[in-house]
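Below is input.txt, which holds compact mmCIF, C-alpha atoms.
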```
# COMPACT_ATOMS: atom_id res chain seq x y z
CA MET P 1 28.34 -12.71 2.76
CA ARG P 2 29.26 -15.83 4.69
CA GLU P 3 27.50 -19.03 3.68
CA ALA P 4 25.80 -19.43 7.08
CA ALA P 5 24.40 -15.91 6.89
CA PHE P 6 23.22 -16.49 3.31
CA VAL P 7 21.40 -19.66 4.37
CA LYS P 8 19.83 -18.00 7.42
CA GLN P 9 18.61 -15.07 5.33
CA ASN P 10 16.89 -17.22 2.70
CA LYS P 11 16.02 -20.56 4.30
CA ASP P 12 12.35 -19.66 4.89
CA LYS P 13 11.83 -18.99 1.17
CA TRP P 14 13.53 -22.25 0.27
CA ALA P 15 11.37 -24.17 2.75
CA THR P 16 8.20 -22.60 1.32
CA PHE P 17 9.29 -23.48 -2.21
CA GLU P 18 10.21 -27.04 -1.28
CA SER P 19 6.87 -27.49 0.51
CA ALA P 20 5.02 -26.30 -2.59
CA LEU P 21 6.95 -28.68 -4.83
CA SER P 22 6.01 -31.62 -2.65
CA ASN P 23 2.35 -30.52 -2.68
CA ARG P 24 2.25 -30.01 1.08
CA THR P 25 1.07 -26.43 0.51
CA LYS P 26 -0.78 -24.80 -2.36
CA ILE P 27 0.71 -21.77 -4.08
CA ALA P 28 -0.57 -20.00 -7.19
CA PRO P 29 1.47 -20.91 -10.32
CA ASP P 30 2.65 -17.32 -10.81
CA VAL P 31 3.83 -17.08 -7.21
CA LEU P 32 5.61 -20.41 -7.61
CA SER P 33 7.23 -19.09 -10.78
CA ASP P 34 8.50 -15.99 -8.95
CA LEU P 35 9.95 -18.18 -6.22
CA TYR P 36 11.60 -20.34 -8.90
CA ILE P 37 13.31 -17.27 -10.39
CA GLU P 38 14.51 -16.32 -6.92
CA ILE P 39 15.81 -19.85 -6.26
CA THR P 40 17.77 -19.86 -9.52
CA ASP P 41 19.26 -16.47 -8.64
CA HIS P 42 20.32 -17.88 -5.27
CA LEU P 43 21.76 -20.92 -7.04
CA SER P 44 23.88 -18.69 -9.29
CA TYR P 45 25.08 -16.79 -6.24
CA ALA P 46 25.95 -20.04 -4.44
CA LYS P 47 27.85 -21.37 -7.46
CA THR P 48 29.91 -18.18 -7.51
CA PHE P 49 30.69 -17.83 -3.81
CA TYR P 50 30.17 -21.30 -2.34
CA PRO P 51 31.14 -23.74 -5.12
CA LYS P 52 30.69 -27.47 -4.39
CA SER P 53 29.05 -26.66 -1.04
CA ASN P 54 25.98 -28.30 0.50
CA THR P 55 24.09 -25.08 -0.15
CA GLU P 56 24.83 -25.24 -3.88
CA ALA P 57 23.84 -28.91 -4.04
CA TYR P 58 20.57 -28.26 -2.20
CA LEU P 59 19.60 -25.30 -4.39
CA ASN P 60 20.56 -27.19 -7.54
CA SER P 61 18.28 -30.02 -6.47
CA LEU P 62 15.40 -27.63 -5.79
CA ALA P 63 15.83 -25.89 -9.14
CA SER P 64 15.95 -29.18 -11.02
CA GLN P 65 12.78 -30.47 -9.34
CA ALA P 66 11.00 -27.22 -10.01
CA HIS P 67 11.81 -26.75 -13.67
CA GLN P 68 9.49 -29.35 -15.10
CA LYS P 69 6.72 -28.69 -12.57
CA ILE P 70 6.73 -24.97 -13.23
CA TYR P 71 6.53 -25.21 -16.98
CA LYS P 72 3.91 -27.92 -16.87
CA THR P 73 1.57 -26.04 -14.57
CA LYS P 74 2.11 -22.39 -15.44
CA LYS P 75 -0.94 -21.79 -17.60
CA GLU P 76 -2.89 -18.59 -17.75
CA SER P 77 -5.85 -19.12 -15.48
CA LYS P 78 -9.33 -18.20 -16.59
CA ASN P 79 -9.70 -16.71 -13.14
CA ARG P 80 -6.49 -14.65 -13.37
CA ILE P 81 -8.10 -11.50 -11.99
CA ILE P 82 -9.67 -13.32 -9.04
CA SER P 83 -6.40 -15.12 -8.39
CA PHE P 84 -4.53 -11.80 -8.29
CA TRP P 85 -6.78 -10.26 -5.65
CA LYS P 86 -7.30 -13.44 -3.64
CA THR P 87 -3.83 -14.99 -3.61
CA GLU P 88 -1.09 -13.39 -5.68
CA PHE P 89 -1.20 -9.85 -4.32
CA PRO P 90 -1.74 -10.68 -0.61
CA THR P 91 1.11 -13.24 -0.80
CA LEU P 92 3.36 -10.59 -2.32
CA PHE P 93 2.28 -7.86 0.08
CA PHE P 94 3.15 -9.90 3.16
CA HIS P 95 6.81 -9.33 2.29
CA HIS P 96 6.34 -5.55 2.20
CA GLN P 97 4.77 -4.98 5.62
CA ARG P 98 7.91 -3.16 6.72
CA GLU P 99 7.59 -0.58 3.94
CA LEU P 100 3.89 -0.20 4.80
CA LEU P 101 4.74 0.47 8.44
CA ILE P 102 7.36 3.06 7.47
CA ALA P 103 4.87 4.79 5.13
CA PHE P 104 2.25 4.82 7.89
CA LEU P 105 4.63 6.24 10.51
CA VAL P 106 5.87 8.94 8.11
CA PHE P 107 2.30 9.98 7.34
CA VAL P 108 1.31 10.09 11.01
CA PHE P 109 4.41 12.10 11.90
CA PHE P 110 3.82 14.78 9.26
CA THR P 111 0.11 14.94 10.06
CA SER P 112 1.19 15.76 13.61
CA VAL P 113 3.55 18.40 12.19
CA GLY P 114 0.59 19.93 10.34
CA VAL P 115 -1.48 20.03 13.55
CA PHE P 116 1.36 21.45 15.65
CA SER P 117 2.30 24.10 13.09
CA SER P 118 -1.33 25.19 12.65
CA ALA P 119 -1.74 25.50 16.41
CA ASN P 120 1.40 27.62 16.81
CA GLU P 121 1.53 29.71 13.64
CA GLY P 122 -1.48 31.89 12.86
CA ASN P 123 -1.10 31.98 9.08
CA PHE P 124 0.03 28.39 8.62
CA VAL P 125 -3.42 27.05 7.72
CA ARG P 126 -3.89 29.70 5.02
CA SER P 127 -0.43 29.02 3.61
CA ILE P 128 -1.27 25.33 3.25
CA LEU P 129 -4.97 25.32 2.31
CA GLY P 130 -5.03 28.68 0.50
CA ASP P 131 -6.98 31.85 1.20
CA GLY P 132 -9.78 30.90 -1.18
CA TYR P 133 -10.59 27.64 0.58
CA VAL P 134 -10.28 29.10 4.08
CA ASN P 135 -12.52 32.10 3.25
CA MET P 136 -15.12 29.86 1.60
CA THR P 137 -15.18 27.54 4.61
CA LEU P 138 -15.49 30.45 7.06
CA GLU P 139 -18.48 31.65 5.05
CA ASN P 140 -20.00 28.15 5.17
CA ILE P 141 -19.51 28.09 8.94
CA GLU P 142 -21.32 31.42 9.26
CA ASN P 143 -24.16 29.92 7.20
CA ASN P 144 -24.38 26.97 9.63
CA ASP P 145 -23.25 24.48 6.97
CA PRO P 146 -19.48 24.02 7.53
CA MET P 147 -19.32 20.94 5.28
CA ALA P 148 -21.06 22.63 2.35
CA VAL P 149 -17.94 22.16 0.19
CA TYR P 150 -19.01 18.53 -0.32
CA LYS P 151 -22.35 19.62 -1.79
CA GLN P 152 -21.24 22.09 -4.43
CA MET P 153 -20.82 19.67 -7.36
CA GLY P 154 -23.07 16.97 -8.76
CA GLU P 155 -22.57 13.52 -7.29
CA PHE P 156 -21.13 11.83 -10.38
CA ASN P 157 -18.81 14.66 -11.45
CA MET P 158 -17.48 15.03 -7.93
CA SER P 159 -16.96 11.29 -7.53
CA LEU P 160 -15.13 11.02 -10.86
CA GLY P 161 -12.98 14.09 -10.25
CA ILE P 162 -11.96 13.01 -6.76
CA THR P 163 -11.14 9.47 -7.92
CA ILE P 164 -8.93 10.71 -10.75
CA ASN P 165 -7.15 13.21 -8.49
CA ASN P 166 -6.51 10.61 -5.80
CA ILE P 167 -5.12 8.13 -8.32
CA ARG P 168 -2.88 10.92 -9.69
CA VAL P 169 -1.50 11.62 -6.19
CA ALA P 170 -0.94 7.90 -5.61
CA LEU P 171 0.89 7.50 -8.93
CA LEU P 172 3.16 10.41 -8.02
CA ALA P 173 3.90 8.83 -4.64
CA PHE P 174 4.86 5.61 -6.42
CA ALA P 175 6.74 7.07 -9.39
CA PHE P 176 8.78 9.46 -7.23
CA GLY P 177 10.17 6.42 -5.47
CA ILE P 178 12.70 6.41 -8.31
CA LEU P 179 14.31 9.42 -6.59
CA PHE P 180 15.70 6.98 -4.00
CA GLY P 181 12.46 7.26 -2.01
CA ILE P 182 12.91 10.95 -1.25
CA GLY P 183 10.23 11.93 -3.78
CA THR P 184 7.77 9.47 -2.22
CA LEU P 185 8.42 10.85 1.26
CA TYR P 186 7.89 14.41 -0.05
CA ILE P 187 4.49 13.56 -1.57
CA MET P 188 3.43 11.89 1.67
CA MET P 189 4.75 14.78 3.74
CA SER P 190 2.84 17.41 1.76
CA ASN P 191 -0.43 15.48 1.90
CA ALA P 192 -0.05 14.64 5.59
CA ILE P 193 0.68 18.26 6.56
CA MET P 194 -2.36 19.35 4.56
CA LEU P 195 -4.52 16.79 6.39
CA GLY P 196 -3.23 17.91 9.79
CA SER P 197 -3.82 21.58 8.98
CA PHE P 198 -7.28 20.85 7.60
CA GLN P 199 -8.35 18.89 10.66
CA TYR P 200 -6.91 21.45 13.09
CA PHE P 201 -8.70 24.29 11.30
CA PHE P 202 -12.08 22.75 12.14
CA TYR P 203 -10.96 21.87 15.67
CA ASP P 204 -10.01 25.50 16.23
CA LYS P 205 -13.52 26.54 15.17
CA GLY P 206 -15.14 24.12 17.61
CA LEU P 207 -16.19 21.77 14.82
CA PHE P 208 -13.85 18.84 15.35
CA TRP P 209 -16.49 16.13 15.72
CA GLU P 210 -18.71 17.40 12.90
CA SER P 211 -15.76 17.65 10.54
CA ALA P 212 -14.20 14.31 11.56
CA ARG P 213 -17.41 12.27 11.23
CA THR P 214 -17.96 13.83 7.78
CA ILE P 215 -14.43 13.85 6.38
CA TRP P 216 -13.51 10.33 7.47
CA ILE P 217 -16.53 8.76 5.78
CA HIS P 218 -14.46 8.84 2.59
CA GLY P 219 -11.10 9.76 4.11
CA THR P 220 -10.58 6.46 5.92
CA ILE P 221 -10.13 4.59 2.64
CA GLU P 222 -8.68 7.54 0.72
CA ILE P 223 -5.88 8.29 3.19
CA SER P 224 -5.19 4.60 3.82
CA VAL P 225 -4.57 3.80 0.17
CA ILE P 226 -2.43 6.91 -0.29
CA ILE P 227 -0.26 5.41 2.46
CA VAL P 228 -0.29 2.09 0.55
CA ALA P 229 0.81 4.00 -2.57
CA GLY P 230 3.64 5.48 -0.50
CA CYS P 231 4.54 1.91 0.44
CA ALA P 232 4.72 1.08 -3.30
CA GLY P 233 7.14 3.97 -3.82
CA LEU P 234 9.33 2.72 -0.97
CA VAL P 235 9.30 -0.80 -2.49
CA LEU P 236 10.58 0.72 -5.74
CA ALA P 237 13.27 2.67 -3.88
CA ASN P 238 14.24 -0.39 -1.85
CA GLY P 239 14.77 -2.34 -5.06
CA MET P 240 17.20 0.32 -6.26
CA LEU P 241 19.10 0.82 -3.03
CA PHE P 242 19.28 -2.66 -1.51
CA PRO P 243 19.69 -5.37 -4.18
CA GLY P 244 20.64 -8.09 -1.70
CA THR P 245 21.59 -11.26 -3.58
CA TYR P 246 20.25 -9.94 -6.90
CA SER P 247 22.03 -7.83 -9.46
CA ARG P 248 21.06 -4.16 -9.08
CA LEU P 249 19.19 -4.22 -12.40
CA GLU P 250 17.22 -7.34 -11.45
CA SER P 251 16.45 -5.91 -8.00
CA PHE P 252 15.22 -2.67 -9.61
CA ARG P 253 13.06 -4.63 -12.06
CA ARG P 254 11.47 -6.59 -9.22
CA GLY P 255 10.92 -3.38 -7.26
CA VAL P 256 9.09 -1.82 -10.20
CA ILE P 257 6.92 -4.90 -10.82
CA ASN P 258 6.04 -5.35 -7.15
CA GLY P 259 5.34 -1.64 -6.77
CA LEU P 260 3.03 -1.69 -9.78
CA LYS P 261 1.12 -4.65 -8.33
CA ILE P 262 0.69 -2.74 -5.08
CA MET P 263 -0.55 0.28 -7.04
CA LEU P 264 -3.00 -1.88 -8.97
CA SER P 265 -4.45 -3.09 -5.68
CA THR P 266 -5.37 0.48 -4.69
CA VAL P 267 -7.51 1.31 -7.74
CA PRO P 268 -10.78 -0.30 -6.54
CA PHE P 269 -10.33 1.33 -3.14
CA PHE P 270 -9.87 4.76 -4.72
CA ILE P 271 -13.05 4.18 -6.71
CA VAL P 272 -14.92 3.31 -3.50
CA ALA P 273 -13.48 6.38 -1.74
CA GLY P 274 -14.50 8.59 -4.68
CA PHE P 275 -18.00 7.14 -4.62
CA LEU P 276 -18.32 7.79 -0.88
CA GLU P 277 -17.07 11.37 -1.22
CA GLY P 278 -19.32 12.14 -4.16
CA PHE P 279 -22.51 10.35 -3.12
CA VAL P 280 -22.41 9.82 0.68
CA THR P 281 -20.26 12.44 2.44
CA ARG P 282 -22.56 15.25 1.27
CA HIS P 283 -25.35 13.89 3.47
CA THR P 284 -24.18 15.69 6.59
CA GLU P 285 -27.60 15.20 8.14
CA MET P 286 -27.07 11.46 8.52
CA PRO P 287 -27.10 10.18 12.11
CA ASP P 288 -23.81 9.77 13.93
CA TRP P 289 -24.22 6.00 14.27
CA LEU P 290 -24.40 5.59 10.49
CA ALA P 291 -21.30 7.73 9.88
CA ILE P 292 -19.41 5.79 12.56
CA LEU P 293 -20.54 2.49 11.01
CA ILE P 294 -19.25 3.51 7.55
CA ILE P 295 -15.92 4.69 9.01
CA ALA P 296 -15.47 1.54 11.11
CA ALA P 297 -16.36 -0.75 8.18
CA SER P 298 -13.92 1.11 5.92
CA LEU P 299 -11.11 0.82 8.46
CA ALA P 300 -11.84 -2.88 9.03
CA LEU P 301 -11.75 -3.53 5.27
CA ILE P 302 -8.38 -1.80 4.85
CA LEU P 303 -6.80 -3.49 7.88
CA PHE P 304 -8.07 -6.90 6.84
CA TYR P 305 -6.93 -6.75 3.21
CA TYR P 306 -3.56 -5.08 3.68
CA VAL P 307 -2.46 -6.35 7.10
CA ILE P 308 -4.45 -9.29 8.48
CA TYR P 309 -5.22 -11.33 5.34
CA PRO P 310 -1.63 -11.35 3.98
CA ARG P 311 -0.44 -12.67 7.35
CA GLN P 312 -3.16 -15.32 7.43
CA LEU P 313 -2.33 -16.44 3.90
CA HIS P 314 1.40 -16.58 4.61
CA LYS P 315 0.81 -18.63 7.76
CA LYS P 316 -1.43 -21.02 5.83
CA THR P 317 1.10 -21.55 3.01
CA THR P 318 4.04 -22.16 5.37
CA LEU P 319 2.40 -24.73 7.63
```
Please render this file's structure as structure tokens.
Amino acid sequence: MREAAFVKQNKDKWATFESALSNRTKIAPDVLSDLYIEITDHLSYAKTFYPKSNTEAYLNSLASQAHQKIYKTKKESKNRIISFWKTEFPTLFFHHQRELLIAFLVFVFFTSVGVFSSANEGNFVRSILGDGYVNMTLENIENNDPMAVYKQMGEFNMSLGITINNIRVALLAFAFGILFGIGTLYIMMSNAIMLGSFQYFFYDKGLFWESARTIWIHGTIEISVIIVAGCAGLVLANGMLFPGTYSRLESFRRGVINGLKIMLSTVPFFIVAGFLEGFVTRHTEMPDWLAILIIAASLALILFYYVIYPRQLHKKTTL
């Protein structure tokens, strides 16, 4: 890589780091430490490929200034958990918006495939959802309670079971990123096709609105964080495939760590989704306005925490 291209690719990170060192912006100690590791990696790269250049001198100066500051201030905060959710994770996640967008587009595409296939192939829904589920749901429809499946178990047992299953699916989506991202895309594809088939099945029976307003009470958060888990798998795969200025092993290590942090962020949301499915979704008699309010609030929460807030935080720390 030419020196000019190297500088252009990384100058924003260097400016953020320099601003933090001069106390013009506030960055959490752990985030500052990660930036320091990145700066020293860039310094090693510059020493190898651009010896005695202005770039090497600049990075050497930054690393020297940072060393003492980092190891003076990097203390384990009593509010470590709060700091993770409030600052560390959103700051990290800003740099993975591209993977999030890819995960979202993949999920939307295969959901559309599920809808299209169900509409054009008579047995497709049964092949995806299974005869048992389809027959049970048809019976529920005949009994004028199409959403009865959400009332069959006790609230707590259903909530716990759904939460554990959703976390299992999310972990698979992340872990299968080690298969160069193909495994992650497969998990997302299978779940998206199932969602599309499921939603089309009710549409075909003239129950689109009733099913949508019920399913998306919990599904808004549940599906959203499965997409986030897919993003984590793509971050892992990206670390393996595109090391950039890092060694491949270091890039893989960073991909794993960042992916795990993204996965950790989804756990509370899966718990909330499980609670909604176990305790709230079953109340199909609730008025439409309340269902819409829950769905809208869930969507706003997801969009704020995973898209809007990371951008706001990044803008604030780079001013």
Practice task
Give me, please, the distance in Å between atom CA of P:Ile182 and atom CA of P:Ser197, quoted to one decimal.
Solution key: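 A separation of 22.3 Å between them.
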Problem - Long-range neighbours of stretch 245-251 of chain P as a PyMOL selection string, 9 Å cut-off, only C-alpha atoms, 2 positions minimum in chain - result: chain P and resi 6+38+41-42+45+238-243+253-256
Exercise for the section: Could you check which of P:Ile221, P:Tyr309, P:Ile215, P:Met188 is closest to P:Val149, using only C-alpha atoms? Expected result: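 Comparing P:Ile221, P:Tyr309, P:Ile215, P:Met188 against P:Val149, the winner is P:Ile215.
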For P:Phe208, please output as a PDB file with C-alpha atoms, in the frame of the given file all residues within 12 Å (counting all atoms listed in the file; exclusion window: fewer than 5 positions along the same chain).
```pdb
ATOM      1  CA  PRO P 146     -19.480  24.020   7.530  1.00  0.00           C
ATOM      2  CA  MET P 147     -19.320  20.940   5.280  1.00  0.00           C
ATOM      3  CA  PHE P 198      -7.280  20.850   7.600  1.00  0.00           C
ATOM      4  CA  GLN P 199      -8.350  18.890  10.660  1.00  0.00           C
ATOM      5  CA  TYR P 200      -6.910  21.450  13.090  1.00  0.00           C
ATOM      6  CA  PHE P 201      -8.700  24.290  11.300  1.00  0.00           C
ATOM      7  CA  PHE P 202     -12.080  22.750  12.140  1.00  0.00           C
ATOM      8  CA  TYR P 203     -10.960  21.870  15.670  1.00  0.00           C
ATOM      9  CA  ARG P 213     -17.410  12.270  11.230  1.00  0.00           C
ATOM     10  CA  THR P 214     -17.960  13.830   7.780  1.00  0.00           C
ATOM     11  CA  ILE P 215     -14.430  13.850   6.380  1.00  0.00           C
ATOM     12  CA  TRP P 216     -13.510  10.330   7.470  1.00  0.00           C
TER      13      TRP P 216
END
```
Practice task
Excluding P:Tyr306 and residues on its chain fewer than 5 positions from it, collect all residues at most 12 Å away from it, counting all atoms listed in the file, and give them as a ChimeraX atom specification.
Solution key: /P:85-86,89-97,100-101,221,224-225,227-229,231,262,265-266,269,299-301,311-313
Handout entry: Residue nearest P:Ile128 - candidates P:Gly154, P:Gly161, P:Pro51, P:Gly196, atoms counted: only C-alpha atoms
Key = P:Gly196
What are the centre and the three edge lengths of an axis-aligned box that wraps all atoms of stretch 139-146 of chain P in the file, given that 8 Å is added to every side, written as lines of an AutoDock Vina configuration file and rounded to one decimal in Å?
```
center_x = -21.4
center_y = 27.8
center_z = 7.3
size_x = 21.9
size_y = 23.6
size_z = 20.6
```
Problem - Of the listed residues P:Ser112, P:Thr163, P:Asn258, P:Ser19, that which approaches P:Asn191 most closely, counting only C-alpha atoms - result: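 Once distances to P:Asn191 are computed over only C-alpha atoms, the minimum belongs to P:Ser112.
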Practice task
Pick out the closest residue to P:Gly130 from this set: P:Ile271, P:Ala291, P:Met194, P:Leu21. Count only C-alpha atoms.
Solution key: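 The closest residue to P:Gly130 is P:Met194.
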Problem - Separation of atom CA of P:Val31 from atom CA of P:Thr87, in Å and rounded to one decimal - result: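 Computed distance, atom CA of P:Val31 to atom CA of P:Thr87, equals 8.7 Å.
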Problem - Pick from P:Val134, P:Ile308, P:Leu234, P:Val115 nearest to P:Gly259, counting all atoms listed in the file - result: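 Looking only at the distances to P:Gly259, the closest residue turns out to be P:Leu234.
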Problem - Best match for closeness to P:Phe270 among P:Gln65, P:Ser159, P:Asn79, P:Asn120, counting only C-alpha atoms - result: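 Smallest distance to P:Phe270 is found for P:Ser159.
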Practice task
Work out how far apart atom CA of P:Ala15 and atom CA of P:Phe304 are and give it in Å to one decimal.
Solution key: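 About the pair atom CA of P:Ala15 and atom CA of P:Phe304: they are 26.3 Å apart.
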